[in-house]
file final26.cif (mmCIF, C-alpha atoms)
data_final
loop_
_atom_site.label_atom_id
_atom_site.label_comp_id
_atom_site.auth_asym_id
_atom_site.auth_seq_id
_atom_site.Cartn_x
_atom_site.Cartn_y
_atom_site.Cartn_z
CA MET C 543 -12.73 -13.01 14.36
CA ILE C 544 -13.14 -9.93 16.51
CA VAL C 545 -15.10 -7.70 14.14
CA PRO C 546 -17.44 -8.57 11.26
CA LEU C 547 -15.72 -9.20 7.95
CA PHE C 548 -17.81 -6.41 6.49
CA HIS C 549 -16.14 -3.79 8.65
CA VAL C 550 -12.69 -5.00 7.60
CA LEU C 551 -13.78 -4.83 3.96
CA ILE C 552 -15.16 -1.31 4.47
CA LEU C 553 -11.83 -0.23 5.95
CA ALA C 554 -9.96 -1.84 3.06
CA GLY C 555 -12.25 -0.07 0.60
CA ILE C 556 -11.68 3.30 2.24
CA ILE C 557 -7.91 2.81 2.16
CA PHE C 558 -8.11 1.71 -1.48
CA VAL C 559 -10.11 4.82 -2.41
CA LEU C 560 -7.57 7.00 -0.63
CA GLY C 561 -4.74 5.40 -2.58
CA LEU C 562 -6.64 5.82 -5.84
CA ALA C 563 -7.30 9.48 -5.03
CA CYS C 564 -3.61 9.96 -4.27
CA SER C 565 -2.60 8.47 -7.61
CA ILE C 566 -5.17 10.51 -9.54
CA ALA C 567 -4.71 13.82 -7.77
CA TRP C 568 -0.91 13.80 -7.83
CA ARG C 569 -0.66 12.43 -11.35
CA SER C 570 2.04 14.91 -12.28
CA ASN C 571 4.41 13.61 -9.60
CA LEU C 572 5.92 10.17 -10.13
CA ILE C 573 6.76 9.61 -6.46
CA MET C 574 3.20 10.33 -5.29
CA ILE C 575 1.80 7.97 -7.94
CA LEU C 576 4.00 5.22 -6.50
CA ILE C 577 2.84 6.08 -2.96
CA GLY C 578 -0.78 5.74 -4.11
CA ILE C 579 -0.01 2.31 -5.54
CA GLU C 580 1.53 1.32 -2.20
CA ILE C 581 -1.61 2.37 -0.34
CA MET C 582 -3.83 0.43 -2.76
CA LEU C 583 -1.74 -2.74 -2.39
CA ASN C 584 -1.96 -2.38 1.38
CA ALA C 585 -5.74 -2.28 1.11
CA ALA C 586 -5.63 -5.49 -0.94
CA MET C 587 -3.47 -7.12 1.73
CA LEU C 588 -5.93 -6.07 4.42
CA ALA C 589 -8.79 -7.62 2.44
CA PHE C 590 -6.84 -10.88 2.06
CA VAL C 591 -5.96 -11.09 5.75
CA GLY C 592 -9.50 -10.20 6.80
CA GLY C 593 -10.95 -12.91 4.56
CA GLY C 594 -8.48 -15.45 5.88
CA ALA C 595 -9.37 -14.52 9.45
CA HIS C 596 -13.08 -14.75 8.72
CA TRP C 597 -13.02 -18.22 7.23
CA GLY C 598 -10.24 -19.52 9.47
CA LEU C 599 -7.92 -20.19 6.54
CA ILE C 600 -4.25 -19.36 6.46
CA ASP C 601 -4.11 -18.88 2.69
CA GLY C 602 -4.99 -15.20 2.95
CA GLN C 603 -1.85 -14.54 4.96
CA VAL C 604 0.25 -16.44 2.43
CA PHE C 605 -1.20 -14.35 -0.39
CA SER C 606 -0.52 -11.16 1.55
CA LEU C 607 3.10 -12.25 1.92
CA VAL C 608 3.27 -12.80 -1.85
CA ILE C 609 1.77 -9.32 -2.38
CA MET C 610 4.42 -7.91 -0.09
CA ALA C 611 7.23 -9.50 -2.12
CA LEU C 612 5.60 -8.24 -5.32
CA THR C 613 5.42 -4.75 -3.89
CA SER C 614 9.06 -4.68 -2.90
CA ALA C 615 10.10 -5.82 -6.38
CA GLU C 616 7.80 -3.25 -8.00
CA VAL C 617 9.02 -0.42 -5.79
CA SER C 618 12.69 -1.15 -6.38
CA LEU C 619 12.19 -1.24 -10.16
CA ALA C 620 9.94 1.84 -10.22
CA LEU C 621 12.27 3.89 -8.05
CA SER C 622 15.24 2.99 -10.19
CA LEU C 623 13.18 4.11 -13.20
CA VAL C 624 12.47 7.40 -11.39
CA VAL C 625 16.18 7.86 -10.72
CA TYR C 626 16.94 7.10 -14.38
CA LEU C 627 14.34 9.60 -15.62
CA HIS C 628 15.58 12.24 -13.19
CA ARG C 629 19.13 11.71 -14.40
CA ARG C 630 17.98 12.10 -17.99
CA SER C 631 15.81 15.20 -17.73
CA LYS C 632 16.32 16.57 -14.18
CA THR C 633 12.65 16.33 -13.17
CA VAL C 634 10.06 13.89 -11.85
CA ASP C 635 7.12 15.73 -13.37
CA SER C 636 5.31 13.16 -15.51
CA ASP C 637 4.04 15.92 -17.84
CA GLU C 638 7.63 16.44 -18.97
CA PHE C 639 8.00 12.92 -20.34
CA SER C 640 6.00 13.39 -23.51
CA GLU C 641 8.68 13.44 -26.15
CA MET C 642 7.86 10.02 -27.61
CA LYS C 643 5.03 11.30 -29.76
CA GLY C 644 5.51 11.32 -33.49
CA MET Y 303 -11.61 -4.93 24.05
CA GLU Y 304 -10.13 -6.03 20.75
CA GLN Y 305 -13.05 -4.45 18.92
CA ILE Y 306 -12.27 -1.08 20.47
CA PHE Y 307 -8.60 -1.43 19.52
CA PHE Y 308 -9.59 -2.35 15.97
CA TYR Y 309 -11.74 0.73 15.52
CA ILE Y 310 -9.14 3.03 17.09
CA LEU Y 311 -6.44 1.63 14.81
CA ALA Y 312 -8.75 1.91 11.81
CA ALA Y 313 -9.30 5.59 12.60
CA VAL Y 314 -5.54 6.10 12.98
CA VAL Y 315 -4.87 4.41 9.63
CA VAL Y 316 -7.50 6.40 7.75
CA ILE Y 317 -6.51 9.75 9.28
CA ALA Y 318 -2.79 9.15 8.69
CA THR Y 319 -3.45 8.14 5.08
CA VAL Y 320 -5.60 11.23 4.47
CA LEU Y 321 -2.87 13.44 5.93
CA ALA Y 322 -0.29 11.63 3.79
CA ILE Y 323 -2.10 12.07 0.51
CA THR Y 324 -3.00 15.72 1.11
CA ASP Y 325 0.44 16.86 2.26
CA ARG Y 326 2.31 18.93 -0.28
CA HIS Y 327 5.64 18.01 1.27
CA THR Y 328 6.72 14.57 0.04
CA VAL Y 329 8.88 13.78 3.07
CA HIS Y 330 5.98 14.52 5.43
CA ALA Y 331 3.76 12.30 3.30
CA ILE Y 332 6.24 9.43 3.72
CA ILE Y 333 6.32 9.89 7.51
CA PHE Y 334 2.50 9.92 7.73
CA LEU Y 335 2.43 6.82 5.55
CA ALA Y 336 4.82 5.02 7.92
CA THR Y 337 2.40 5.87 10.76
CA SER Y 338 -0.44 4.45 8.73
CA PHE Y 339 1.51 1.24 8.10
CA PHE Y 340 2.22 0.83 11.82
CA GLY Y 341 -1.51 1.11 12.49
CA LEU Y 342 -2.20 -1.42 9.76
CA ALA Y 343 0.33 -3.79 11.34
CA GLY Y 344 -1.64 -3.55 14.59
CA ILE Y 345 -4.81 -4.39 12.70
CA PHE Y 346 -3.10 -7.43 11.16
CA TYR Y 347 -2.09 -8.58 14.62
CA LEU Y 348 -5.64 -8.16 15.88
CA LEU Y 349 -6.91 -10.22 12.94
CA GLY Y 350 -4.75 -13.12 14.05
CA ALA Y 351 -1.86 -12.69 11.63
CA PRO Y 352 1.21 -11.79 13.73
CA LEU Y 353 3.70 -12.80 11.04
CA VAL Y 354 2.09 -10.51 8.48
CA ALA Y 355 2.13 -7.73 11.08
CA VAL Y 356 5.84 -8.22 11.67
CA PHE Y 357 6.59 -8.30 7.94
CA GLU Y 358 4.48 -5.18 7.46
CA VAL Y 359 6.64 -3.30 9.94
CA ILE Y 360 9.92 -4.70 8.62
CA ILE Y 361 9.29 -4.50 4.88
CA TYR Y 362 6.79 -1.66 4.43
CA ALA Y 363 7.51 0.74 7.28
CA GLY Y 364 11.16 -0.23 7.33
CA ALA Y 365 12.50 -1.03 3.91
CA ILE Y 366 10.11 0.49 1.37
CA MET Y 367 9.53 3.79 3.14
CA VAL Y 368 13.27 4.20 3.73
CA LEU Y 369 13.83 3.47 0.04
CA PHE Y 370 11.35 6.23 -0.85
CA LEU Y 371 13.03 8.63 1.57
CA PHE Y 372 16.42 7.72 0.15
CA VAL Y 373 15.34 8.43 -3.42
CA ILE Y 374 13.61 11.69 -2.42
CA MET Y 375 16.71 12.91 -0.63
CA MET Y 376 19.03 11.72 -3.40
CA LEU Y 377 17.03 13.56 -6.05
CA ASP Y 378 16.69 16.62 -3.76
CA MET Y 379 12.91 16.80 -3.96
CA GLY Y 380 12.27 17.73 -0.35
CA GLN Y 381 10.87 21.11 -1.33
CA PRO Y 382 7.18 21.40 -2.12
CA GLY Y 383 6.50 21.27 -5.83
CA LYS Y 384 5.66 24.15 -8.05
CA ALA Y 385 2.07 22.95 -8.45
CA GLN Y 386 0.78 25.50 -5.96
CA SER Y 387 -1.96 27.15 -7.94
CA ARG Y 388 -3.66 24.29 -9.71
CA ASP Y 389 -4.45 21.96 -6.84
CA LEU Y 390 -8.24 22.18 -6.80
CA ARG Y 391 -8.30 21.43 -10.50
CA GLU Y 392 -6.07 18.42 -9.81
CA TRP Y 393 -8.26 17.13 -7.01
CA TRP Y 394 -11.75 17.15 -8.46
CA PRO Y 395 -11.52 13.93 -10.58
CA ALA Y 396 -10.08 12.10 -7.58
CA LEU Y 397 -12.87 13.42 -5.35
CA LEU Y 398 -15.52 12.49 -7.93
CA LEU Y 399 -14.28 8.92 -8.41
CA GLY Y 400 -13.72 8.44 -4.69
CA MET Y 401 -17.23 9.67 -3.89
CA ILE Y 402 -18.69 7.24 -6.44
CA ILE Y 403 -16.85 4.27 -4.92
CA LEU Y 404 -17.61 5.34 -1.35
CA GLY Y 405 -21.26 5.83 -2.26
CA ALA Y 406 -21.43 2.31 -3.68
CA MET Y 407 -19.85 0.97 -0.50
CA ALA Y 408 -22.29 2.94 1.67
CA THR Y 409 -25.19 1.48 -0.31
CA LEU Y 410 -23.81 -2.00 0.35
CA PHE Y 411 -23.36 -1.13 4.02
CA VAL Y 412 -27.00 -0.07 4.34
CA THR Y 413 -28.43 -3.12 2.59
CA HIS Y 414 -26.15 -5.94 3.73
CA LEU Y 415 -27.32 -8.91 5.72
CA PRO Y 416 -26.26 -9.25 9.34
CA GLU Y 417 -23.50 -11.79 9.70
CA THR Y 418 -22.21 -13.93 12.47
CA LEU Y 419 -18.74 -13.67 13.88
CA GLY Y 420 -16.46 -16.60 13.19
CA LYS Y 421 -14.08 -18.08 15.67
CA TRP Y 422 -10.99 -15.97 16.40
CA SER Y 423 -7.94 -17.91 15.31
CA TYR Y 424 -4.30 -17.15 15.91
CA THR Y 425 -1.66 -18.27 13.43
CA ASP Y 426 1.74 -19.22 14.70
CA ALA Y 427 4.89 -19.23 12.61
CA ARG Y 428 5.10 -23.02 12.42
CA HIS Y 429 1.69 -23.44 10.85
CA PHE Y 430 2.23 -20.47 8.54
CA SER Y 431 5.55 -21.68 7.20
CA ARG Y 432 4.27 -25.23 6.79
CA VAL Y 433 1.43 -24.02 4.57
CA LEU Y 434 3.72 -21.56 2.77
CA PHE Y 435 6.44 -24.02 1.84
CA ARG Y 436 4.37 -27.18 1.32
CA LYS Y 437 1.16 -25.96 -0.28
CA TYR Y 438 2.51 -22.85 -1.97
CA GLY Y 439 6.08 -23.88 -2.76
CA VAL Y 440 5.64 -22.93 -6.41
CA ALA Y 441 4.53 -19.43 -5.37
CA VAL Y 442 7.70 -19.06 -3.30
CA GLU Y 443 9.80 -20.06 -6.31
CA VAL Y 444 7.96 -17.64 -8.60
CA VAL Y 445 8.35 -14.79 -6.11
CA SER Y 446 12.06 -15.50 -5.73
CA MET Y 447 12.49 -15.41 -9.52
CA GLN Y 448 10.55 -12.15 -9.59
CA LEU Y 449 12.79 -10.60 -6.94
CA LEU Y 450 15.83 -11.71 -8.93
CA PHE Y 451 14.45 -10.10 -12.09
CA ALA Y 452 13.72 -6.90 -10.17
CA LEU Y 453 17.29 -6.90 -8.86
CA VAL Y 454 18.74 -7.32 -12.34
CA GLY Y 455 16.42 -4.65 -13.76
CA ALA Y 456 17.26 -2.18 -11.01
CA LEU Y 457 20.98 -2.77 -11.54
CA TYR Y 458 20.57 -2.23 -15.29
CA LEU Y 459 18.53 0.95 -14.88
CA GLY Y 460 20.75 2.40 -12.19
CA ARG Y 461 24.11 1.92 -13.87
CA ARG Y 462 26.27 4.89 -14.77
CA LYS Y 463 27.33 5.31 -18.34
#
call {"tool": "encode", "arguments": {"input": "final26.cif", "output": "structure tokens"}}
result
Amino acid sequence: MIVPLFHVLILAGIIFVLGLACSIAWRSNLIMILIGIEIMLNAAMLAFVGGGAHWGLIDGQVFSLVIMALTSAEVSLALSLVVYLHRRSKTVDSDEFSEMKG
Amino acid sequence: MEQIFFYILAAVVVIATVLAITDRHTVHAIIFLATSFFGLAGIFYLLGAPLVAVFEVIIYAGAIMVLFLFVIMMLDMGQPGKAQSRDLREWWPALLLGMIILGAMATLFVTHLPETLGKWSYTDARHFSRVLFRKYGVAVEVVSMQLLFALVGALYLGRRK
């Protein structure tokens, strides 16, 4: 381990906060919400790999690989949903998709 | 030496992510995000996980970012959005929540106990795949089922009427 685990966790926390801020601030744009989720999942992967490196276990890397597969599945489904919504109402503004009330 | 590289790469990752999430242009945001993922791959390599670093470059910076770019260009969203005037009002809840979380982390950083550095270990592909397919074989099966479901769902959602 080249740096203390705490520094890796601080970096992962900063990246997670940035992803959260991206998702909250751009909440009217579906693509930017997805980008924020990507950044947050990357922070989780960094925390897993850092923990695995700190305790000398390989399980953290296996979990990060599982997270990566999960992310690719999620992104493919979410982007096809975005394409479907854009085909239906010609926009990706999430404020426009409010017709289900009532 | 590795410590210096780690902190440089950490700065690159944080700066590229900040530029990505503040850019109004979605294509520029994707490019900054690819830069950030390359930096993160370097950090993974420094933490002794070369396979995860390689997969980060191939899957994240390669496949997922290209998928985002493909969708953005297909839907013709390269122009900056019409949300020009209301950005400060959009940003203040994000800034508030982020400051709360960062403040909690800073408090932890001030009060934490000093810790010792563990031994630096390097994982080769043989050891990694042995653990992955022997100890976590069920996880591999579940993930493959999940990818299949995602494939079927994407085909269903993307079909033309």
call {"tool": "resolve_selection", "arguments": {"input": "final26.cif", "expression": "the PyMOL selection byres ((chain Y and resi 317-328) around 8)", "output": "number ranges by chain"}}
result
C: 557, 560-561, 564, 574, 578; Y: 313-316, 329-335, 337-338, 374, 379-383
call {"tool": "resolve_selection", "arguments": {"input": "final26.cif", "expression": "the PyMOL selection byres ((chain C) within 7 of (chain Y))", "output": "list in words"}}
result
Met543, Ile544, Val545, Pro546, Leu553, Ile557, Val559, Leu560, Ala563, Cys564, Ile566, Ala567, Gly592, Ala595, His596, Gly598, Ile600, Gln603, Val604, Leu607, Val608, Ala611, Ser614, Ala615, Ser618, Leu619, Ser622, Leu623 and Tyr626 of chain C
call {"tool": "resolve_selection", "arguments": {"input": "final26.cif", "expression": "the PyMOL selection byres ((chain C and resi 585) around 10)", "output": "list in words"}}
result
Val550, Leu551, Leu553, Ala554, Gly555, Ile556, Ile557, Phe558, Val559, Leu560, Gly561, Ile579, Glu580, Ile581, Met582, Leu583, Asn584, Ala586, Met587, Leu588, Ala589, Phe590 and Val591 of chain C; Leu342 of chain Y
call {"tool": "atom_distance", "arguments": {"input": "final26.cif", "atom1": "CA of Gly364 (chain Y)", "atom2": "CA of Leu576 (chain C)"}}
result
16.5 Å
call {"tool": "atom_distance", "arguments": {"input": "final26.cif", "atom1": "CA of Arg432 (chain Y)", "atom2": "CA of Leu612 (chain C)"}}
result
20.9 Å
call {"tool": "atom_distance", "arguments": {"input": "final26.cif", "atom1": "CA of Gly341 (chain Y)", "atom2": "CA of Leu311 (chain Y)"}}
result
5.5 Å
call {"tool": "build_atoms", "arguments": {"input": "final26.cif", "residues": "region 608-639 of chain C", "atoms": "N, CA and C atoms", "output": "PDB file, in the coordinates of the input"}}
result
ATOM      1  N   VAL C 608       2.891 -12.851  -0.427  1.00  0.00           N
ATOM      2  CA  VAL C 608       3.270 -12.800  -1.850  1.00  0.00           C
ATOM      3  C   VAL C 608       3.095 -11.375  -2.380  1.00  0.00           C
ATOM      4  N   ILE C 609       1.993 -10.711  -1.963  1.00  0.00           N
ATOM      5  CA  ILE C 609       1.770  -9.320  -2.380  1.00  0.00           C
ATOM      6  C   ILE C 609       2.889  -8.431  -1.872  1.00  0.00           C
ATOM      7  N   MET C 610       3.348  -8.721  -0.647  1.00  0.00           N
ATOM      8  CA  MET C 610       4.420  -7.910  -0.090  1.00  0.00           C
ATOM      9  C   MET C 610       5.705  -8.061  -0.902  1.00  0.00           C
ATOM     10  N   ALA C 611       6.030  -9.287  -1.299  1.00  0.00           N
ATOM     11  CA  ALA C 611       7.230  -9.500  -2.120  1.00  0.00           C
ATOM     12  C   ALA C 611       7.075  -8.808  -3.466  1.00  0.00           C
ATOM     13  N   LEU C 612       5.881  -8.916  -4.043  1.00  0.00           N
ATOM     14  CA  LEU C 612       5.600  -8.240  -5.320  1.00  0.00           C
ATOM     15  C   LEU C 612       5.792  -6.743  -5.190  1.00  0.00           C
ATOM     16  N   THR C 613       5.308  -6.184  -4.076  1.00  0.00           N
ATOM     17  CA  THR C 613       5.420  -4.750  -3.890  1.00  0.00           C
ATOM     18  C   THR C 613       6.863  -4.310  -3.768  1.00  0.00           C
ATOM     19  N   SER C 614       7.668  -5.108  -3.048  1.00  0.00           N
ATOM     20  CA  SER C 614       9.060  -4.680  -2.900  1.00  0.00           C
ATOM     21  C   SER C 614       9.779  -4.737  -4.237  1.00  0.00           C
ATOM     22  N   ALA C 615       9.485  -5.750  -5.050  1.00  0.00           N
ATOM     23  CA  ALA C 615      10.100  -5.820  -6.380  1.00  0.00           C
ATOM     24  C   ALA C 615       9.657  -4.635  -7.229  1.00  0.00           C
ATOM     25  N   GLU C 616       8.343  -4.344  -7.185  1.00  0.00           N
ATOM     26  CA  GLU C 616       7.800  -3.250  -8.000  1.00  0.00           C
ATOM     27  C   GLU C 616       8.392  -1.909  -7.581  1.00  0.00           C
ATOM     28  N   VAL C 617       8.514  -1.705  -6.267  1.00  0.00           N
ATOM     29  CA  VAL C 617       9.020  -0.420  -5.790  1.00  0.00           C
ATOM     30  C   VAL C 617      10.485  -0.247  -6.161  1.00  0.00           C
ATOM     31  N   SER C 618      11.270  -1.308  -6.048  1.00  0.00           N
ATOM     32  CA  SER C 618      12.690  -1.150  -6.380  1.00  0.00           C
ATOM     33  C   SER C 618      12.849  -0.836  -7.861  1.00  0.00           C
ATOM     34  N   LEU C 619      12.095  -1.523  -8.725  1.00  0.00           N
ATOM     35  CA  LEU C 619      12.190  -1.240 -10.160  1.00  0.00           C
ATOM     36  C   LEU C 619      11.683   0.167 -10.474  1.00  0.00           C
ATOM     37  N   ALA C 620      10.535   0.541  -9.886  1.00  0.00           N
ATOM     38  CA  ALA C 620       9.940   1.840 -10.220  1.00  0.00           C
ATOM     39  C   ALA C 620      10.820   2.976  -9.723  1.00  0.00           C
ATOM     40  N   LEU C 621      11.416   2.814  -8.542  1.00  0.00           N
ATOM     41  CA  LEU C 621      12.270   3.890  -8.050  1.00  0.00           C
ATOM     42  C   LEU C 621      13.553   4.002  -8.846  1.00  0.00           C
ATOM     43  N   SER C 622      14.054   2.858  -9.329  1.00  0.00           N
ATOM     44  CA  SER C 622      15.240   2.990 -10.190  1.00  0.00           C
ATOM     45  C   SER C 622      14.869   3.636 -11.519  1.00  0.00           C
ATOM     46  N   LEU C 623      13.647   3.392 -11.998  1.00  0.00           N
ATOM     47  CA  LEU C 623      13.180   4.110 -13.200  1.00  0.00           C
ATOM     48  C   LEU C 623      13.084   5.608 -12.930  1.00  0.00           C
ATOM     49  N   VAL C 624      12.578   5.971 -11.727  1.00  0.00           N
ATOM     50  CA  VAL C 624      12.470   7.400 -11.390  1.00  0.00           C
ATOM     51  C   VAL C 624      13.852   8.034 -11.358  1.00  0.00           C
ATOM     52  N   VAL C 625      14.820   7.325 -10.775  1.00  0.00           N
ATOM     53  CA  VAL C 625      16.180   7.860 -10.720  1.00  0.00           C
ATOM     54  C   VAL C 625      16.746   8.019 -12.127  1.00  0.00           C
ATOM     55  N   TYR C 626      16.457   7.029 -12.991  1.00  0.00           N
ATOM     56  CA  TYR C 626      16.940   7.100 -14.380  1.00  0.00           C
ATOM     57  C   TYR C 626      16.331   8.292 -15.112  1.00  0.00           C
ATOM     58  N   LEU C 627      15.004   8.477 -14.941  1.00  0.00           N
ATOM     59  CA  LEU C 627      14.340   9.600 -15.620  1.00  0.00           C
ATOM     60  C   LEU C 627      14.840  10.938 -15.095  1.00  0.00           C
ATOM     61  N   HIS C 628      15.070  10.995 -13.763  1.00  0.00           N
ATOM     62  CA  HIS C 628      15.580  12.240 -13.190  1.00  0.00           C
ATOM     63  C   HIS C 628      16.975  12.532 -13.700  1.00  0.00           C
ATOM     64  N   ARG C 629      17.783  11.486 -13.892  1.00  0.00           N
ATOM     65  CA  ARG C 629      19.130  11.710 -14.400  1.00  0.00           C
ATOM     66  C   ARG C 629      19.072  12.193 -15.850  1.00  0.00           C
ATOM     67  N   ARG C 630      18.049  11.741 -16.573  1.00  0.00           N
ATOM     68  CA  ARG C 630      17.980  12.100 -17.990  1.00  0.00           C
ATOM     69  C   ARG C 630      17.435  13.504 -18.199  1.00  0.00           C
ATOM     70  N   SER C 631      16.399  13.884 -17.437  1.00  0.00           N
ATOM     71  CA  SER C 631      15.810  15.200 -17.730  1.00  0.00           C
ATOM     72  C   SER C 631      15.629  16.063 -16.502  1.00  0.00           C
ATOM     73  N   LYS C 632      16.265  15.714 -15.364  1.00  0.00           N
ATOM     74  CA  LYS C 632      16.320  16.570 -14.180  1.00  0.00           C
ATOM     75  C   LYS C 632      14.950  16.923 -13.613  1.00  0.00           C
ATOM     76  N   THR C 633      13.957  16.061 -13.767  1.00  0.00           N
ATOM     77  CA  THR C 633      12.650  16.330 -13.170  1.00  0.00           C
ATOM     78  C   THR C 633      11.934  15.012 -12.937  1.00  0.00           C
ATOM     79  N   VAL C 634      10.926  15.053 -12.021  1.00  0.00           N
ATOM     80  CA  VAL C 634      10.060  13.890 -11.850  1.00  0.00           C
ATOM     81  C   VAL C 634       8.627  14.239 -12.226  1.00  0.00           C
ATOM     82  N   ASP C 635       8.455  15.338 -12.922  1.00  0.00           N
ATOM     83  CA  ASP C 635       7.120  15.730 -13.370  1.00  0.00           C
ATOM     84  C   ASP C 635       6.738  14.874 -14.571  1.00  0.00           C
ATOM     85  N   SER C 636       5.636  14.108 -14.439  1.00  0.00           N
ATOM     86  CA  SER C 636       5.310  13.160 -15.510  1.00  0.00           C
ATOM     87  C   SER C 636       4.804  13.882 -16.758  1.00  0.00           C
ATOM     88  N   ASP C 637       4.438  15.173 -16.644  1.00  0.00           N
ATOM     89  CA  ASP C 637       4.040  15.920 -17.840  1.00  0.00           C
ATOM     90  C   ASP C 637       5.237  16.209 -18.750  1.00  0.00           C
ATOM     91  N   GLU C 638       6.443  16.122 -18.174  1.00  0.00           N
ATOM     92  CA  GLU C 638       7.630  16.440 -18.970  1.00  0.00           C
ATOM     93  C   GLU C 638       8.039  15.291 -19.887  1.00  0.00           C
ATOM     94  N   PHE C 639       7.551  14.075 -19.571  1.00  0.00           N
ATOM     95  CA  PHE C 639       8.000  12.920 -20.340  1.00  0.00           C
ATOM     96  C   PHE C 639       7.020  12.634 -21.460  1.00  0.00           C
TER      97      PHE C 639
END
